[in-house]
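Take a look at the structure set out below.
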Amino acid sequence: MQPSAAPYEERLTAPRSWWLISFLVGVSMALILLPFGTLPMLGGLAGGTAVAAVVASAYGSVRIRVVGGSLIAGEAKIPVTALGEAEVLDAEEARAWRTHKADPRSFMLLRAYIPGALRVEVTDPEDPTPYLFLSTREPERLAEALRAARAAA
């Protein structure tokens with residue numbers, strides 16, 4: 001028997017410009033090591049680029065999934081039955097919820113390079129977290145997947 005496909009899955013990858021910055025970090029390492037010779041310079045280029053690329057890749061490896069009656073956002077796993085209504089936030093409203101409207105008790109999965117977001121109320125009385133703030137490129141699709149998962153649960 002095949003497992004059912006996840007109704008929603010998104011990887012919050014780093015923007016393309018970060019990969020150019022990774023290369024530029026390698027170039028700067030190469031320039032720093034240039035006085036020591038050609039071989040250290042090439043090592044600095046390769047090593048600096050590799051380290052910066054690993055950091056960019058790790059930061060952009062976080063995933064948001066709705067699967068098996070749960071919302072998995074990064075390392076957090078929340079049953080959809082403990083979630084309330086989801087509010088789709090445009091870029092301006094998302095910026096407000098990241099700054100002056102933010103509650104320090106909330107769970108925030110932030111990626112500044114993603115303008116849209118979804119704010120989901122937490123209805124579990126045992127949980128002190130008032131809401132989840134999730135940066136997402138497709139907030140409407142995520143909200144619909146949460147509604148479908150909550151209806152199925």
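Identifiers in this document derive from the order of the structure tokens: chains are assigned A, B, ..., residues are numbered from 1 separately in each chain, and ligands are numbered from 1 in order of occurrence.
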- Message: Residues of chain A classed as alpha helix (DSSP H) by DSSP on the backbone are to be reported as a ChimeraX atom specification.
- Response: /A:16-33,38-59,91-98,139-152
Contacts of stretch 108-112 of chain A within 7 Å, only C-alpha atoms, excl. fewer than 5 positions in-chain, as a compact mmCIF listing (two decimals) with all heavy atoms, in the first residue's frame:
# COMPACT_ATOMS: atom_id res chain seq x y z
N LEU A 132 0.93 30.85 15.30
CA LEU A 132 2.11 30.50 14.51
C LEU A 132 2.24 31.52 13.40
O LEU A 132 1.26 31.86 12.76
CB LEU A 132 1.96 29.12 13.88
CG LEU A 132 1.51 27.96 14.76
CD1 LEU A 132 1.27 26.73 13.92
CD2 LEU A 132 2.55 27.68 15.81
N PHE A 133 3.43 32.01 13.17
CA PHE A 133 3.70 32.90 12.05
C PHE A 133 4.64 32.14 11.13
O PHE A 133 5.76 31.81 11.52
CB PHE A 133 4.37 34.19 12.53
CG PHE A 133 4.70 35.15 11.42
CD1 PHE A 133 3.81 36.15 11.08
CD2 PHE A 133 5.89 35.04 10.72
CE1 PHE A 133 4.11 37.03 10.05
CE2 PHE A 133 6.19 35.91 9.69
CZ PHE A 133 5.30 36.91 9.36
N LEU A 134 4.18 31.84 9.93
CA LEU A 134 4.96 31.04 8.99
C LEU A 134 5.22 31.82 7.71
O LEU A 134 4.27 32.18 7.01
CB LEU A 134 4.21 29.74 8.65
CG LEU A 134 3.76 28.89 9.83
CD1 LEU A 134 2.86 27.77 9.36
CD2 LEU A 134 4.96 28.35 10.58
N SER A 135 6.47 32.08 7.41
CA SER A 135 6.81 32.67 6.11
C SER A 135 6.57 31.61 5.05
O SER A 135 7.03 30.47 5.20
CB SER A 135 8.28 33.10 6.08
OG SER A 135 8.51 34.16 6.96
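Residues in contact with stretch 148-151 of chain A at 12 Å, where only C-alpha atoms are counted and same-chain residues fewer than 4 positions away are skipped, are listed as Ala6, Pro7, Tyr8, Arg65, Val66, Val67, Gly68, Gly69, Ser70, Leu71, Ile78, Pro79, Val80, Thr81, Ala82, Leu83, Gly84, Glu85, Ala86, Arg141, Leu142, Ala143 and Glu144 of chain A.
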Limited to N, CA, C and O atoms, could you put the picked residues into a file as a PDB file, in the first residue's frame?
ATOM      1  N   ALA A   6       1.438  14.089   0.553  1.00  0.00           N
ATOM      2  CA  ALA A   6       1.215  15.233   1.429  1.00  0.00           C
ATOM      3  C   ALA A   6       0.400  16.279   0.687  1.00  0.00           C
ATOM      4  O   ALA A   6       0.697  16.605  -0.457  1.00  0.00           O
ATOM      5  N   PRO A   7      -0.669  16.814   1.327  1.00  0.00           N
ATOM      6  CA  PRO A   7      -1.466  17.827   0.647  1.00  0.00           C
ATOM      7  C   PRO A   7      -0.702  19.134   0.464  1.00  0.00           C
ATOM      8  O   PRO A   7      -1.041  19.926  -0.385  1.00  0.00           O
ATOM      9  N   TYR A   8       0.326  19.354   1.251  1.00  0.00           N
ATOM     10  CA  TYR A   8       1.107  20.578   1.106  1.00  0.00           C
ATOM     11  C   TYR A   8       2.531  20.300   1.561  1.00  0.00           C
ATOM     12  O   TYR A   8       2.766  19.710   2.611  1.00  0.00           O
ATOM     13  N   ARG A  65       5.205  21.438   6.031  1.00  0.00           N
ATOM     14  CA  ARG A  65       4.397  20.357   5.467  1.00  0.00           C
ATOM     15  C   ARG A  65       3.109  20.190   6.268  1.00  0.00           C
ATOM     16  O   ARG A  65       3.087  20.408   7.466  1.00  0.00           O
ATOM     17  N   VAL A  66       2.083  19.787   5.570  1.00  0.00           N
ATOM     18  CA  VAL A  66       0.843  19.364   6.214  1.00  0.00           C
ATOM     19  C   VAL A  66       0.666  17.905   5.805  1.00  0.00           C
ATOM     20  O   VAL A  66       0.410  17.605   4.641  1.00  0.00           O
ATOM     21  N   VAL A  67       0.854  17.012   6.762  1.00  0.00           N
ATOM     22  CA  VAL A  67       0.807  15.584   6.462  1.00  0.00           C
ATOM     23  C   VAL A  67       0.403  14.816   7.716  1.00  0.00           C
ATOM     24  O   VAL A  67       0.795  15.171   8.822  1.00  0.00           O
ATOM     25  N   GLY A  68      -0.402  13.794   7.533  1.00  0.00           N
ATOM     26  CA  GLY A  68      -0.795  12.922   8.636  1.00  0.00           C
ATOM     27  C   GLY A  68      -1.520  13.634   9.760  1.00  0.00           C
ATOM     28  O   GLY A  68      -1.323  13.295  10.917  1.00  0.00           O
ATOM     29  N   GLY A  69      -2.322  14.642   9.449  1.00  0.00           N
ATOM     30  CA  GLY A  69      -3.058  15.353  10.482  1.00  0.00           C
ATOM     31  C   GLY A  69      -2.218  16.296  11.304  1.00  0.00           C
ATOM     32  O   GLY A  69      -2.634  16.723  12.371  1.00  0.00           O
ATOM     33  N   SER A  70      -1.025  16.633  10.813  1.00  0.00           N
ATOM     34  CA  SER A  70      -0.125  17.530  11.541  1.00  0.00           C
ATOM     35  C   SER A  70       0.444  18.584  10.608  1.00  0.00           C
ATOM     36  O   SER A  70       0.613  18.350   9.411  1.00  0.00           O
ATOM     37  N   LEU A  71       0.749  19.723  11.199  1.00  0.00           N
ATOM     38  CA  LEU A  71       1.508  20.767  10.519  1.00  0.00           C
ATOM     39  C   LEU A  71       2.934  20.646  11.016  1.00  0.00           C
ATOM     40  O   LEU A  71       3.183  20.704  12.226  1.00  0.00           O
ATOM     41  N   ILE A  78       2.778  20.186  14.998  1.00  0.00           N
ATOM     42  CA  ILE A  78       1.559  20.570  15.698  1.00  0.00           C
ATOM     43  C   ILE A  78       0.385  19.840  15.070  1.00  0.00           C
ATOM     44  O   ILE A  78       0.216  19.897  13.848  1.00  0.00           O
ATOM     45  N   PRO A  79      -0.450  19.152  15.858  1.00  0.00           N
ATOM     46  CA  PRO A  79      -1.641  18.523  15.273  1.00  0.00           C
ATOM     47  C   PRO A  79      -2.602  19.611  14.781  1.00  0.00           C
ATOM     48  O   PRO A  79      -2.768  20.644  15.435  1.00  0.00           O
ATOM     49  N   VAL A  80      -3.226  19.373  13.629  1.00  0.00           N
ATOM     50  CA  VAL A  80      -4.125  20.385  13.057  1.00  0.00           C
ATOM     51  C   VAL A  80      -5.349  20.601  13.931  1.00  0.00           C
ATOM     52  O   VAL A  80      -5.986  21.648  13.836  1.00  0.00           O
ATOM     53  N   THR A  81      -5.670  19.647  14.796  1.00  0.00           N
ATOM     54  CA  THR A  81      -6.813  19.824  15.697  1.00  0.00           C
ATOM     55  C   THR A  81      -6.538  20.893  16.755  1.00  0.00           C
ATOM     56  O   THR A  81      -7.471  21.407  17.361  1.00  0.00           O
ATOM     57  N   ALA A  82      -5.272  21.240  16.977  1.00  0.00           N
ATOM     58  CA  ALA A  82      -4.909  22.272  17.952  1.00  0.00           C
ATOM     59  C   ALA A  82      -4.795  23.646  17.306  1.00  0.00           C
ATOM     60  O   ALA A  82      -4.414  24.609  17.960  1.00  0.00           O
ATOM     61  N   LEU A  83      -5.128  23.727  16.021  1.00  0.00           N
ATOM     62  CA  LEU A  83      -4.994  24.987  15.291  1.00  0.00           C
ATOM     63  C   LEU A  83      -6.354  25.565  14.962  1.00  0.00           C
ATOM     64  O   LEU A  83      -7.299  24.841  14.677  1.00  0.00           O
ATOM     65  N   GLY A  84      -6.424  26.887  14.976  1.00  0.00           N
ATOM     66  CA  GLY A  84      -7.654  27.596  14.623  1.00  0.00           C
ATOM     67  C   GLY A  84      -7.592  28.092  13.192  1.00  0.00           C
ATOM     68  O   GLY A  84      -7.006  27.458  12.316  1.00  0.00           O
ATOM     69  N   GLU A  85      -8.188  29.262  12.988  1.00  0.00           N
ATOM     70  CA  GLU A  85      -8.244  29.837  11.652  1.00  0.00           C
ATOM     71  C   GLU A  85      -6.880  30.338  11.207  1.00  0.00           C
ATOM     72  O   GLU A  85      -6.086  30.828  12.002  1.00  0.00           O
ATOM     73  N   ALA A  86      -6.657  30.245   9.904  1.00  0.00           N
ATOM     74  CA  ALA A  86      -5.424  30.731   9.301  1.00  0.00           C
ATOM     75  C   ALA A  86      -5.718  32.044   8.582  1.00  0.00           C
ATOM     76  O   ALA A  86      -6.696  32.160   7.861  1.00  0.00           O
ATOM     77  N   ARG A 141      -2.444  28.505  -0.473  1.00  0.00           N
ATOM     78  CA  ARG A 141      -2.410  27.042  -0.595  1.00  0.00           C
ATOM     79  C   ARG A 141      -2.198  26.369   0.755  1.00  0.00           C
ATOM     80  O   ARG A 141      -2.811  25.347   1.055  1.00  0.00           O
ATOM     81  N   LEU A 142      -1.341  26.951   1.586  1.00  0.00           N
ATOM     82  CA  LEU A 142      -1.101  26.394   2.916  1.00  0.00           C
ATOM     83  C   LEU A 142      -2.356  26.507   3.783  1.00  0.00           C
ATOM     84  O   LEU A 142      -2.713  25.558   4.484  1.00  0.00           O
ATOM     85  N   ALA A 143      -3.035  27.643   3.717  1.00  0.00           N
ATOM     86  CA  ALA A 143      -4.273  27.810   4.488  1.00  0.00           C
ATOM     87  C   ALA A 143      -5.325  26.801   4.049  1.00  0.00           C
ATOM     88  O   ALA A 143      -6.019  26.208   4.877  1.00  0.00           O
ATOM     89  N   GLU A 144      -5.440  26.569   2.748  1.00  0.00           N
ATOM     90  CA  GLU A 144      -6.402  25.588   2.228  1.00  0.00           C
ATOM     91  C   GLU A 144      -6.024  24.172   2.669  1.00  0.00           C
ATOM     92  O   GLU A 144      -6.895  23.376   3.034  1.00  0.00           O
TER      93      GLU A 144
END
- Task: Would you mind writing down, as JSON, numbers by chain, each residue of chain A that DSSP on the backbone assigns to strand (DSSP E or B)?
- Result: {"A": [8, 9, 10, 11, 63, 64, 65, 66, 67, 70, 71, 72, 73, 76, 77, 78, 79, 83, 84, 85, 86, 87, 88, 89, 107, 108, 109, 117, 118, 119, 120, 121, 122, 131, 132, 133, 134, 135]}
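Counting only C-alpha atoms, the residue from A:Leu89, A:Ala153, A:Ala14, A:Leu45 that sits nearest to A:Val27 is A:Leu45.
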- Just give me the gap between atom CA of A:Ser106 and atom CA of A:Glu9 in Å, one decimal is fine. 22.0 Å
- Query: Could you state the separation of atom CA of A:Pro15 and atom CA of A:Tyr113 in Å, given to one decimal place?
  - Reply: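 So the answer is 7.2 Å.
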- Note on the structure: Taken to one decimal, the atom CA of A:Phe107-atom CA of A:Pro125 distance is 15.5 Å
- Message: When you look at A:Pro139 with a cut-off of 7 Å (counting only C-alpha atoms), what residues show up, excluding the ones that are within fewer than 4 positions of it in the same chain? I need them as a ChimeraX atom specification.
- Response: /A:88,116-118,143
